[in-house]
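Containing compact mmCIF, C-alpha atoms: coords35.txt.
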```
# COMPACT_ATOMS: atom_id res chain seq x y z
CA MET W 66 -19.13 43.03 -5.26
CA ASP W 67 -17.38 45.20 -7.85
CA LYS W 68 -13.83 44.73 -9.15
CA ASN W 69 -12.33 47.31 -6.78
CA GLU W 70 -13.86 45.56 -3.78
CA GLN W 71 -12.61 42.19 -5.02
CA LYS W 72 -9.10 43.58 -5.46
CA ALA W 73 -9.14 45.17 -2.00
CA LEU W 74 -10.09 41.88 -0.40
CA TRP W 75 -7.41 40.04 -2.31
CA ASP W 76 -4.74 42.62 -1.50
CA ALA W 77 -5.66 42.44 2.20
CA GLN W 78 -4.92 38.75 2.58
CA ASP W 79 -2.56 39.37 5.51
CA ILE W 80 0.55 37.71 4.12
CA ALA W 81 2.72 37.55 7.22
CA SER W 82 5.30 34.98 6.19
CA GLU W 83 8.94 35.73 5.42
CA THR W 84 8.76 33.11 2.67
CA ALA W 85 8.33 34.81 -0.69
CA TYR W 86 8.75 33.83 -4.30
CA ALA W 87 11.10 34.90 -7.03
CA VAL W 88 10.13 34.66 -10.69
CA THR W 89 12.92 34.61 -13.27
CA ASN W 90 12.71 34.45 -17.05
CA ASP W 91 15.31 32.99 -19.39
CA PRO W 92 15.45 35.36 -22.40
CA THR W 93 17.27 32.74 -24.47
CA ARG W 94 14.18 30.54 -24.28
CA CYS W 95 11.42 33.15 -24.04
CA VAL W 96 9.48 33.80 -27.27
CA GLN W 97 7.64 36.81 -25.80
CA CYS W 98 4.22 35.21 -26.28
CA GLY W 99 2.79 36.76 -23.10
CA LEU W 100 1.00 33.58 -22.02
CA CYS W 101 2.58 33.70 -18.57
CA VAL W 102 1.16 37.19 -18.00
CA ALA W 103 -2.27 36.12 -19.20
CA PHE W 104 -2.38 32.96 -17.10
CA CYS W 105 -1.09 34.43 -13.81
CA PRO W 106 -4.20 34.53 -11.59
CA CYS W 107 -2.73 37.09 -9.20
CA ASP W 108 -1.47 39.69 -11.72
CA VAL W 109 2.15 39.26 -10.66
CA LEU W 110 3.67 39.62 -14.12
CA GLU W 111 3.91 42.37 -16.71
CA LEU W 112 5.84 42.71 -19.96
CA ASP W 113 8.81 45.06 -20.10
CA GLU W 114 9.58 47.43 -22.98
CA GLU W 115 11.18 44.60 -24.95
CA GLY W 116 8.21 42.29 -24.44
CA TYR W 117 9.78 40.02 -21.81
CA PRO W 118 7.84 39.12 -18.64
CA TYR W 119 9.00 40.30 -15.23
CA ALA W 120 7.57 40.16 -11.71
CA ALA W 121 6.14 43.66 -11.39
CA HIS W 122 4.05 42.74 -8.34
CA ILE W 123 6.01 39.95 -6.69
CA ASP W 124 4.25 40.44 -3.33
CA ASN W 125 1.10 39.03 -4.95
CA CYS W 126 2.80 35.75 -5.86
CA VAL W 127 1.48 32.67 -4.05
CA GLY W 128 3.75 30.18 -5.79
CA CYS W 129 1.03 28.46 -7.81
CA THR W 130 3.43 28.12 -10.81
CA THR W 131 0.54 28.56 -13.27
CA CYS W 132 2.72 30.97 -15.24
CA ALA W 133 5.61 28.52 -15.53
CA GLY W 134 3.31 25.61 -16.30
CA ASN W 135 1.82 27.44 -19.27
CA CYS W 136 5.09 28.68 -20.72
CA PRO W 137 5.56 26.75 -24.00
CA GLN W 138 9.34 27.13 -23.80
CA ARG W 139 9.73 26.44 -20.06
CA ALA W 140 11.50 29.79 -19.84
CA LEU W 141 9.96 30.80 -16.50
CA LEU W 142 11.09 29.63 -13.07
CA VAL W 143 9.23 30.22 -9.79
CA GLU W 144 11.29 29.60 -6.64
CA ALA W 145 10.62 30.03 -2.91
CA GLN W 146 12.91 32.52 -1.21
CA GLY W 147 13.71 33.42 2.40
CA ASP W 148 13.22 31.33 5.53
CA ALA W 149 10.92 28.53 4.47
CA THR W 150 10.48 27.34 8.07
CA PHE W 151 9.45 30.73 9.44
CA ASP W 152 6.11 30.65 11.26
CA PRO W 153 4.71 34.11 12.09
CA LEU W 154 2.09 32.48 14.31
CA ALA W 155 4.54 30.44 16.39
CA ASP W 156 3.95 32.51 19.56
CA GLU W 157 0.17 32.50 19.29
CA PRO W 158 -1.68 30.33 21.85
CA ARG W 159 -3.04 27.16 20.32
CA ALA W 160 -6.37 25.43 20.77
CA GLU W 161 -6.73 22.49 23.13
CA PRO W 162 -6.64 19.19 21.22
CA VAL W 163 -9.59 16.83 21.15
CA SER W 164 -9.87 14.42 24.05
CA GLU W 165 -8.06 11.11 24.06
CA GLU W 166 -11.45 9.38 24.06
CA LEU W 167 -12.45 11.14 20.85
CA ARG W 168 -9.07 10.44 19.26
CA ALA W 169 -9.54 6.76 20.08
CA GLN W 170 -13.03 6.86 18.55
CA TYR W 171 -11.71 8.44 15.35
CA ALA W 172 -8.92 5.85 15.18
CA GLU W 173 -11.39 2.98 15.54
CA TRP W 174 -13.68 4.44 12.87
CA GLN W 175 -10.71 4.79 10.53
CA ARG W 176 -9.61 1.21 11.18
CA VAL W 177 -13.04 -0.25 10.50
CA ILE W 178 -13.70 1.81 7.37
CA MET W 179 -10.30 1.09 5.83
CA GLU W 180 -10.56 -2.61 6.64
CA LYS W 181 -14.10 -3.11 5.32
CA LEU W 182 -13.50 -1.15 2.12
CA GLY W 183 -9.89 -2.20 1.57
CA LEU W 184 -8.82 1.43 1.26
CA ARG W 185 -5.21 2.16 0.37
CA TRP W 186 -5.32 5.78 1.52
CA GLN W 187 -6.20 7.09 4.96
CA PRO W 188 -9.41 9.13 5.31
CA VAL W 189 -8.58 12.82 5.74
CA ALA W 190 -10.16 14.99 8.43
CA VAL W 191 -10.74 18.53 7.14
CA SER W 192 -11.13 21.57 9.38
CA LEU W 193 -11.87 25.13 8.26
CA ILE W 194 -10.70 27.32 11.14
CA ASP W 195 -13.04 30.21 12.01
CA LYS W 196 -11.62 33.74 11.98
CA ASP W 197 -12.04 34.04 15.78
CA GLU W 198 -10.83 30.54 16.59
CA LEU W 199 -7.46 29.54 17.99
CA LEU W 200 -5.38 27.52 15.57
CA PRO W 201 -4.73 23.84 16.26
CA SER W 202 -1.22 22.76 17.07
CA ALA W 203 0.04 21.50 13.72
CA PRO W 204 2.99 22.26 11.44
CA LEU W 205 2.91 24.65 8.49
CA PRO W 206 4.30 23.30 5.21
CA PRO W 207 7.79 24.57 4.30
CA GLU W 208 6.46 25.84 0.97
CA ASN W 209 3.07 26.94 -0.26
CA LEU W 210 0.77 24.10 -1.28
CA ARG W 211 -2.50 23.88 -3.13
CA PHE W 212 -5.25 22.56 -0.89
CA CYS W 213 -5.53 19.41 -3.01
CA GLN W 214 -1.77 18.84 -2.59
CA ALA W 215 -2.13 19.12 1.19
CA MET W 216 -4.96 16.58 1.01
CA MET W 217 -2.77 14.13 -0.91
CA ALA W 218 -0.06 14.47 1.75
CA ALA W 219 -2.59 14.01 4.55
CA ARG W 220 -3.93 10.77 3.09
CA ARG W 221 -0.35 9.45 3.45
CA GLY W 222 -0.12 10.51 7.10
CA ALA W 223 0.83 14.22 7.19
CA SER W 224 -0.87 16.83 9.36
CA ILE W 225 -0.82 20.27 7.73
CA LEU W 226 -2.01 23.68 8.89
CA MET W 227 -2.28 26.35 6.19
CA PRO W 228 -3.16 29.99 6.77
CA PRO W 229 -3.90 31.79 3.48
CA TYR W 230 -0.26 32.76 2.93
CA ARG W 231 0.69 29.06 2.83
CA HIS W 232 -1.89 28.28 0.11
CA ALA W 233 -0.67 28.21 -3.49
CA CYS W 234 -4.14 28.36 -5.03
CA PRO W 235 -6.10 31.63 -4.84
CA ASP W 236 -9.22 29.80 -5.96
CA GLY W 237 -9.08 27.68 -2.80
CA THR W 238 -8.45 30.54 -0.39
CA SER W 239 -11.36 32.53 -1.80
CA ILE W 240 -13.74 29.55 -1.87
CA PHE W 241 -12.90 28.80 1.77
CA GLY W 242 -13.49 32.40 2.84
CA MET W 243 -9.89 33.20 3.77
CA THR W 244 -9.32 35.90 1.13
CA GLY W 245 -11.10 37.75 -1.59
CA VAL W 246 -10.93 36.45 -5.13
CA PRO W 247 -8.58 37.74 -7.85
CA GLU W 248 -10.35 39.38 -10.78
CA LYS W 249 -9.35 36.75 -13.35
CA LEU W 250 -10.93 34.07 -11.19
CA ALA W 251 -13.98 36.09 -10.23
CA THR W 252 -14.85 36.77 -13.86
CA GLY W 253 -13.97 33.25 -15.02
CA GLU W 254 -11.48 34.68 -17.52
CA ILE W 255 -8.75 32.25 -16.60
CA TYR W 256 -11.01 29.22 -17.17
CA VAL W 257 -11.50 30.32 -20.76
CA LEU W 258 -7.73 30.76 -21.15
CA PHE W 259 -7.28 27.18 -19.95
CA HIS W 260 -9.86 26.13 -22.56
CA LYS W 261 -11.91 24.52 -19.80
CA LEU W 262 -15.07 26.46 -20.70
CA VAL W 263 -16.28 27.74 -24.03
CA ASN W 264 -16.61 31.44 -23.23
CA ALA W 265 -16.78 34.07 -20.49
CA GLU W 266 -20.52 33.60 -20.04
CA ALA W 267 -20.16 29.90 -19.27
CA ALA W 268 -17.20 30.59 -16.98
CA ALA W 269 -19.06 33.30 -15.10
CA ARG W 270 -21.99 30.94 -14.57
CA MET W 271 -19.74 28.21 -13.20
CA VAL W 272 -18.17 30.66 -10.74
CA ALA W 273 -21.56 32.07 -9.71
CA GLU W 274 -23.06 28.62 -9.07
CA ARG W 275 -20.32 27.30 -6.81
CA PRO W 276 -20.76 27.81 -3.06
CA THR W 277 -18.22 29.93 -1.21
CA LEU W 278 -17.79 31.04 2.37
CA GLU W 279 -17.93 34.70 3.29
CA PRO W 280 -14.60 36.47 2.67
CA LYS W 281 -12.47 36.78 5.81
CA SER W 282 -14.69 34.33 7.71
CA ARG W 283 -11.97 31.66 7.98
CA ARG W 284 -8.31 31.99 8.88
CA ALA W 285 -6.78 28.61 7.99
CA THR W 286 -7.32 25.08 6.76
CA TYR W 287 -6.16 22.08 8.74
CA VAL W 288 -5.97 18.56 7.33
CA ALA W 289 -4.79 15.33 8.94
CA PRO W 290 -5.51 11.61 8.85
CA LEU W 291 -8.69 10.98 10.80
CA ASP W 292 -6.86 9.07 13.52
CA LYS W 293 -4.34 11.89 14.01
CA THR W 294 -6.54 14.99 13.94
CA VAL W 295 -6.30 17.28 16.98
CA ARG W 296 -9.52 19.15 16.11
CA GLU W 297 -13.05 17.93 15.45
CA PRO W 298 -13.31 18.07 11.65
CA GLU W 299 -16.28 19.37 9.69
CA VAL W 300 -15.78 16.85 6.89
CA VAL W 301 -13.86 13.63 6.26
CA VAL W 302 -12.70 13.00 2.69
CA PHE W 303 -12.13 9.50 1.31
CA THR W 304 -9.98 8.64 -1.70
CA GLY W 305 -10.71 5.43 -3.54
CA THR W 306 -11.99 3.63 -6.58
CA PRO W 307 -15.55 4.10 -7.87
CA GLU W 308 -16.38 0.67 -6.43
CA GLN W 309 -15.20 1.68 -2.97
CA MET W 310 -17.14 4.94 -3.18
CA MET W 311 -20.22 2.91 -4.12
CA TRP W 312 -20.01 0.90 -0.89
CA LEU W 313 -19.33 4.04 1.11
CA CYS W 314 -22.50 5.53 -0.33
CA MET W 315 -24.47 2.35 0.33
CA SER W 316 -23.31 2.28 3.95
CA MET W 317 -25.19 5.54 4.54
CA SER W 318 -28.30 4.14 2.85
CA TYR W 319 -28.21 0.75 4.54
CA TYR W 320 -30.71 1.57 7.28
CA THR W 321 -32.95 3.95 5.34
CA GLY W 322 -32.75 3.20 1.61
CA HIS W 323 -32.23 6.94 1.02
CA ARG W 324 -30.90 8.01 -2.38
CA PHE W 325 -28.46 10.90 -2.44
CA ASP W 326 -28.38 13.90 -4.76
CA PHE W 327 -24.72 14.52 -5.58
CA HIS W 328 -23.21 17.73 -6.93
CA ALA W 329 -20.32 17.02 -9.29
CA SER W 330 -18.93 19.11 -12.12
CA GLY W 331 -15.18 18.63 -12.48
CA TYR W 332 -14.52 22.21 -11.32
CA ASN W 333 -13.00 23.03 -7.91
CA SER W 334 -13.57 19.44 -6.93
CA MET W 335 -11.65 19.18 -3.68
CA CYS W 336 -12.57 22.61 -2.30
CA VAL W 337 -16.20 22.80 -3.39
CA GLU W 338 -17.41 19.28 -4.02
CA ALA W 339 -15.48 17.23 -1.44
CA VAL W 340 -15.53 19.80 1.39
CA LEU W 341 -18.01 22.67 1.07
CA TYR W 342 -21.06 20.75 -0.13
CA PRO W 343 -20.81 18.13 2.65
CA MET W 344 -20.10 20.86 5.20
CA LEU W 345 -22.89 23.23 4.21
CA GLU W 346 -25.56 20.66 3.36
CA GLN W 347 -24.58 18.00 5.91
CA GLN W 348 -24.85 15.40 3.18
CA PRO W 349 -22.18 13.23 1.52
CA ASN W 350 -20.95 14.29 -1.89
CA ILE W 351 -18.87 12.61 -4.58
CA THR W 352 -16.37 14.25 -6.89
CA PHE W 353 -14.35 12.94 -9.80
CA GLY W 354 -11.48 15.33 -9.25
CA CYS W 355 -10.82 18.40 -11.36
CA TYR W 356 -8.23 19.79 -13.76
CA GLY W 357 -6.14 21.39 -11.02
CA CYS W 358 -6.40 18.46 -8.64
CA ARG W 359 -5.31 15.98 -11.28
CA ALA W 360 -2.62 18.21 -12.82
CA ALA W 361 -1.04 19.14 -9.48
CA THR W 362 -1.09 15.78 -7.64
CA ASP W 363 -0.40 12.10 -8.13
CA LEU W 364 -4.10 11.22 -8.20
CA GLY W 365 -4.55 8.13 -10.34
CA GLU W 366 -6.93 7.99 -13.28
CA ASP W 367 -8.97 5.31 -11.52
CA MET W 368 -9.43 7.26 -8.28
CA MET W 369 -12.12 9.64 -7.04
CA PHE W 370 -13.26 11.22 -3.77
CA MET W 371 -16.19 11.37 -1.41
CA GLY W 372 -16.66 13.99 1.28
CA VAL W 373 -18.74 12.92 4.29
CA PRO W 374 -19.88 15.16 7.15
CA THR W 375 -18.26 13.94 10.35
CA SER W 376 -21.67 13.47 11.92
CA ALA W 377 -22.38 10.65 9.42
CA LEU W 378 -19.33 8.53 10.35
CA PRO W 379 -21.12 6.36 12.95
CA THR W 380 -23.66 5.39 10.28
CA VAL W 381 -20.86 4.70 7.79
CA VAL W 382 -19.12 2.37 10.25
CA LYS W 383 -22.29 0.47 11.15
CA GLY W 384 -23.44 0.21 7.54
CA LEU W 385 -20.09 -1.01 6.23
CA THR W 386 -19.85 -3.56 9.03
CA GLU W 387 -23.15 -5.07 7.87
CA LEU W 388 -22.35 -4.87 4.14
CA ALA W 389 -18.99 -6.58 4.74
CA LYS W 390 -20.72 -9.66 6.13
CA LYS W 391 -22.02 -10.71 2.70
CA SER W 392 -22.65 -8.05 0.06
CA ILE W 393 -19.11 -6.71 -0.35
CA PRO W 394 -17.28 -10.07 -0.49
CA HIS W 395 -19.92 -11.70 -2.73
CA SER W 396 -19.80 -8.79 -5.17
CA ARG W 397 -16.02 -8.84 -5.30
CA MET W 398 -16.02 -12.61 -5.84
CA LYS W 399 -18.28 -12.07 -8.89
CA ILE W 400 -20.54 -14.88 -7.72
CA TYR W 401 -23.02 -14.36 -10.56
CA VAL W 402 -20.46 -14.57 -13.33
CA PRO W 403 -20.78 -18.03 -14.94
CA PRO W 404 -17.60 -20.10 -15.11
CA ILE W 405 -15.68 -19.98 -18.35
CA MET W 406 -15.79 -23.44 -19.88
```
Output the file's structure in the form of structure tokens.
Amino acid sequence: MDKNEQKALWDAQDIASETAYAVTNDPTRCVQCGLCVAFCPCDVLELDEEGYPYAAHIDNCVGCTTCAGNCPQRALLVEAQGDATFDPLADEPRAEPVSEELRAQYAEWQRVIMEKLGLRWQPVAVSLIDKDELLPSAPLPPENLRFCQAMMAARRGASILMPPYRHACPDGTSIFGMTGVPEKLATGEIYVLFHKLVNAEAAARMVAERPTLEPKSRRATYVAPLDKTVREPEVVVFTGTPEQMMWLCMSMSYYTGHRFDFHASGYNSMCVEAVLYPMLEQQPNITFGCYGCRAATDLGEDMMFMGVPTSALPTVVKGLTELAKKSIPHSRMKIYVPPIM
């Protein structure tokens, strides 16, 4: 796909919301360094004749605030405008929810898993809505969110539906097949600007190696606690400590002894590593989080994630139930540590 095709796909992202963004610059703070223009992934900003940034293409803005976050003087402000509660899809028919029997099954699985592992956060059911599928009945966020931010809210109990125009991260929408990919992300240029990769060659390789869904193949993401989801999820994502993720992994090996091959890099962790790999390969996958996920959420330094295909949950529940009879409590009691005399 050449740059013109990439741009056409990105420009055709069907932004139907009345919520837009305004970008303002404080000239008394601005030092005219141009970093905001360079870091904007959607090419919203340009420099005027005096060298100050302005929103030349404000319709491209998704509210990611990357420009403001990289301004050394905090001179830039990105604010949502218009009717933040407007839902252009409000009159569209919605999909039938899952049956009460399935909801009860999900709730029981969640109860058992959280109890056996001692999880603080609820497991999050993730759905990638097909382009021809009716949307589930769930609220849109009042402002654009990054996918990882929606996941953090869902682990606390929120249910969130996000068409592409409610996503604040163009990386996520392109990875999930909702839009094309902006040029700076497609080439990896922005990763070099962030000093996350040594050069354009390394960045291009990272982008090329990550899985993505076909552009325009999905129309929305939907996340909710497992016991509240109204759609059968493709993947369930767990947040916890490395020790809890260890037991989660062992639960899926309990009956077979199978060792897993995990894909983890620290790039696009929530989108690629926690969701796409488990979905496409039907295998669990761990992720340590990534720059964006950790910079944009309250994720603790001691926390990580595991994505599990929904089909594996019965095995997880059975395995954890057995491990909790002896292995988990004995390990946590440190029974092999000699007493300190």
Item to complete: Tell me which protein, DNA and RNA residues are within 10 Å of Leu364 in chain W, counting only C-alpha atoms, leaving out same-chain ones fewer than 4 positions away, and put them as a PyMOL selection string.
Response: chain W and resi 213-214+217+304-305+354+358-360+368-369
At most 7 Å is the cut-off: for each residue in range 274-294 of chain W with any atom that close to an atom of range 179-198 of chain W, write down the nearest atom pair and the distance in Å rounded to one decimal, counting only C-alpha atoms, chain first then increasing number, as JSON lines.
```
{"residue": "W:Lys281", "atom": "CA", "partner": "W:Lys196", "partner_atom": "CA", "distance": 6.9}
{"residue": "W:Ser282", "atom": "CA", "partner": "W:Lys196", "partner_atom": "CA", "distance": 5.3}
{"residue": "W:Arg283", "atom": "CA", "partner": "W:Asp195", "partner_atom": "CA", "distance": 4.4}
{"residue": "W:Arg284", "atom": "CA", "partner": "W:Lys196", "partner_atom": "CA", "distance": 4.9}
{"residue": "W:Ala285", "atom": "CA", "partner": "W:Ile194", "partner_atom": "CA", "distance": 5.2}
{"residue": "W:Thr286", "atom": "CA", "partner": "W:Leu193", "partner_atom": "CA", "distance": 4.8}
{"residue": "W:Tyr287", "atom": "CA", "partner": "W:Ser192", "partner_atom": "CA", "distance": 5.0}
{"residue": "W:Val288", "atom": "CA", "partner": "W:Val191", "partner_atom": "CA", "distance": 4.8}
{"residue": "W:Ala289", "atom": "CA", "partner": "W:Ala190", "partner_atom": "CA", "distance": 5.4}
{"residue": "W:Pro290", "atom": "CA", "partner": "W:Val189", "partner_atom": "CA", "distance": 4.5}
{"residue": "W:Leu291", "atom": "CA", "partner": "W:Ala190", "partner_atom": "CA", "distance": 4.9}
{"residue": "W:Thr294", "atom": "CA", "partner": "W:Ala190", "partner_atom": "CA", "distance": 6.6}
```
Worksheet item: Could you work out how far CA of Thr244 in chain W lies from CA of Thr375 in chain W, giving the answer in Å with one decimal?
Response: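 Those two atoms sit 25.4 Å apart.
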Item to complete: Find the residues around range 263-280 of chain W up to 7 Å (all atoms listed in the file counted), leave out those fewer than 6 positions away in its own chain, and share them as a list of chain:residue names.
Response: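 Residues near the query, excluding close chain neighbours: W:Ser239, W:Ile240, W:Phe241, W:Gly242, W:Met243, W:Thr244, W:Gly245, W:Ala251, W:Thr252, W:Gly253, W:Glu254, W:Tyr256, W:Val257, W:Val337.
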Fill in: Å distance separating CA of Ser330 in chain W from CA of Glu299 in chain W, one decimal place
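Between CA of Ser330 in chain W and CA of Glu299 in chain W the gap works out to 22.0 Å.
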Item to complete: Do a neighbour search on Arg159 in chain W at 10 Å with all atoms listed in the file, toss out local chain neighbours closer than 4 positions, and write the hits as a ChimeraX atom specification.
Response: /W:154-155,198-203
Discussion item. Just to confirm, what's the straight-line distance from CA of Val301 in chain W to CA of Tyr230 in chain W in Å (one decimal)?
Written reply: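 A separation of 23.7 Å between them.
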Discussion item. Using only C-alpha atoms, can you tell me which of W:Thr93, W:Asn125, W:Gln348, W:Ser318 comes closest to Leu388 in chain W?
Written reply: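 Of W:Thr93, W:Asn125, W:Gln348, W:Ser318, the one nearest Leu388 in chain W is W:Ser318, counting only C-alpha atoms.
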Worksheet entry | Nearest candidate to Cys105 in chain W (options W:Gly322, W:Pro247, W:Gly222, W:Pro349; using only C-alpha atoms) |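 Selected residue with least distance to Cys105 in chain W: W:Pro247.
Counting all atoms listed in the file and comparing W:Pro343, W:Pro92, W:Gly372, W:Gly128, the residue that lies closest to Ala140 in chain W is W:Pro92.
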Response to the item:
For Asp124 in chain W, the closest of W:Pro162, W:Ala103, W:Val302, W:Ala85 counting all atoms listed in the file is W:Ala85
Kindly reconstruct range 339-351 of chain W with N, CA and C atoms and present the result as an mmCIF file, in the coordinates of the input.
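The resulting file, out-v6.cif, is shown below:
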```
data_model
loop_
_atom_site.group_PDB
_atom_site.id
_atom_site.type_symbol
_atom_site.label_atom_id
_atom_site.label_comp_id
_atom_site.auth_asym_id
_atom_site.auth_seq_id
_atom_site.Cartn_x
_atom_site.Cartn_y
_atom_site.Cartn_z
ATOM 1 N N ALA W 339 -15.835 18.180 -2.498
ATOM 2 C CA ALA W 339 -15.480 17.230 -1.440
ATOM 3 C C ALA W 339 -15.600 17.829 -0.049
ATOM 4 N N VAL W 340 -15.527 19.172 0.059
ATOM 5 C CA VAL W 340 -15.530 19.800 1.390
ATOM 6 C C VAL W 340 -16.751 20.687 1.619
ATOM 7 N N LEU W 341 -16.961 21.699 0.777
ATOM 8 C CA LEU W 341 -18.010 22.670 1.070
ATOM 9 C C LEU W 341 -19.417 22.086 0.999
ATOM 10 N N TYR W 342 -19.719 21.325 -0.041
ATOM 11 C CA TYR W 342 -21.060 20.750 -0.130
ATOM 12 C C TYR W 342 -21.377 19.871 1.090
ATOM 13 N N PRO W 343 -20.514 18.922 1.455
ATOM 14 C CA PRO W 343 -20.810 18.130 2.650
ATOM 15 C C PRO W 343 -20.919 18.971 3.916
ATOM 16 N N MET W 344 -20.082 20.007 4.015
ATOM 17 C CA MET W 344 -20.100 20.860 5.200
ATOM 18 C C MET W 344 -21.378 21.684 5.287
ATOM 19 N N LEU W 345 -21.752 22.330 4.193
ATOM 20 C CA LEU W 345 -22.890 23.230 4.210
ATOM 21 C C LEU W 345 -24.221 22.499 4.201
ATOM 22 N N GLU W 346 -24.293 21.375 3.492
ATOM 23 C CA GLU W 346 -25.560 20.660 3.360
ATOM 24 C C GLU W 346 -25.684 19.478 4.309
ATOM 25 N N GLN W 347 -24.598 19.151 4.999
ATOM 26 C CA GLN W 347 -24.580 18.000 5.910
ATOM 27 C C GLN W 347 -25.050 16.728 5.211
ATOM 28 N N GLN W 348 -24.560 16.576 3.991
ATOM 29 C CA GLN W 348 -24.850 15.400 3.180
ATOM 30 C C GLN W 348 -23.547 14.966 2.504
ATOM 31 N N PRO W 349 -23.388 13.676 2.234
ATOM 32 C CA PRO W 349 -22.180 13.230 1.520
ATOM 33 C C PRO W 349 -22.202 13.752 0.091
ATOM 34 N N ASN W 350 -21.024 13.866 -0.498
ATOM 35 C CA ASN W 350 -20.950 14.290 -1.890
ATOM 36 C C ASN W 350 -19.753 13.622 -2.569
ATOM 37 N N ILE W 351 -19.949 13.201 -3.814
ATOM 38 C CA ILE W 351 -18.870 12.610 -4.580
ATOM 39 C C ILE W 351 -18.240 13.660 -5.489
#
```
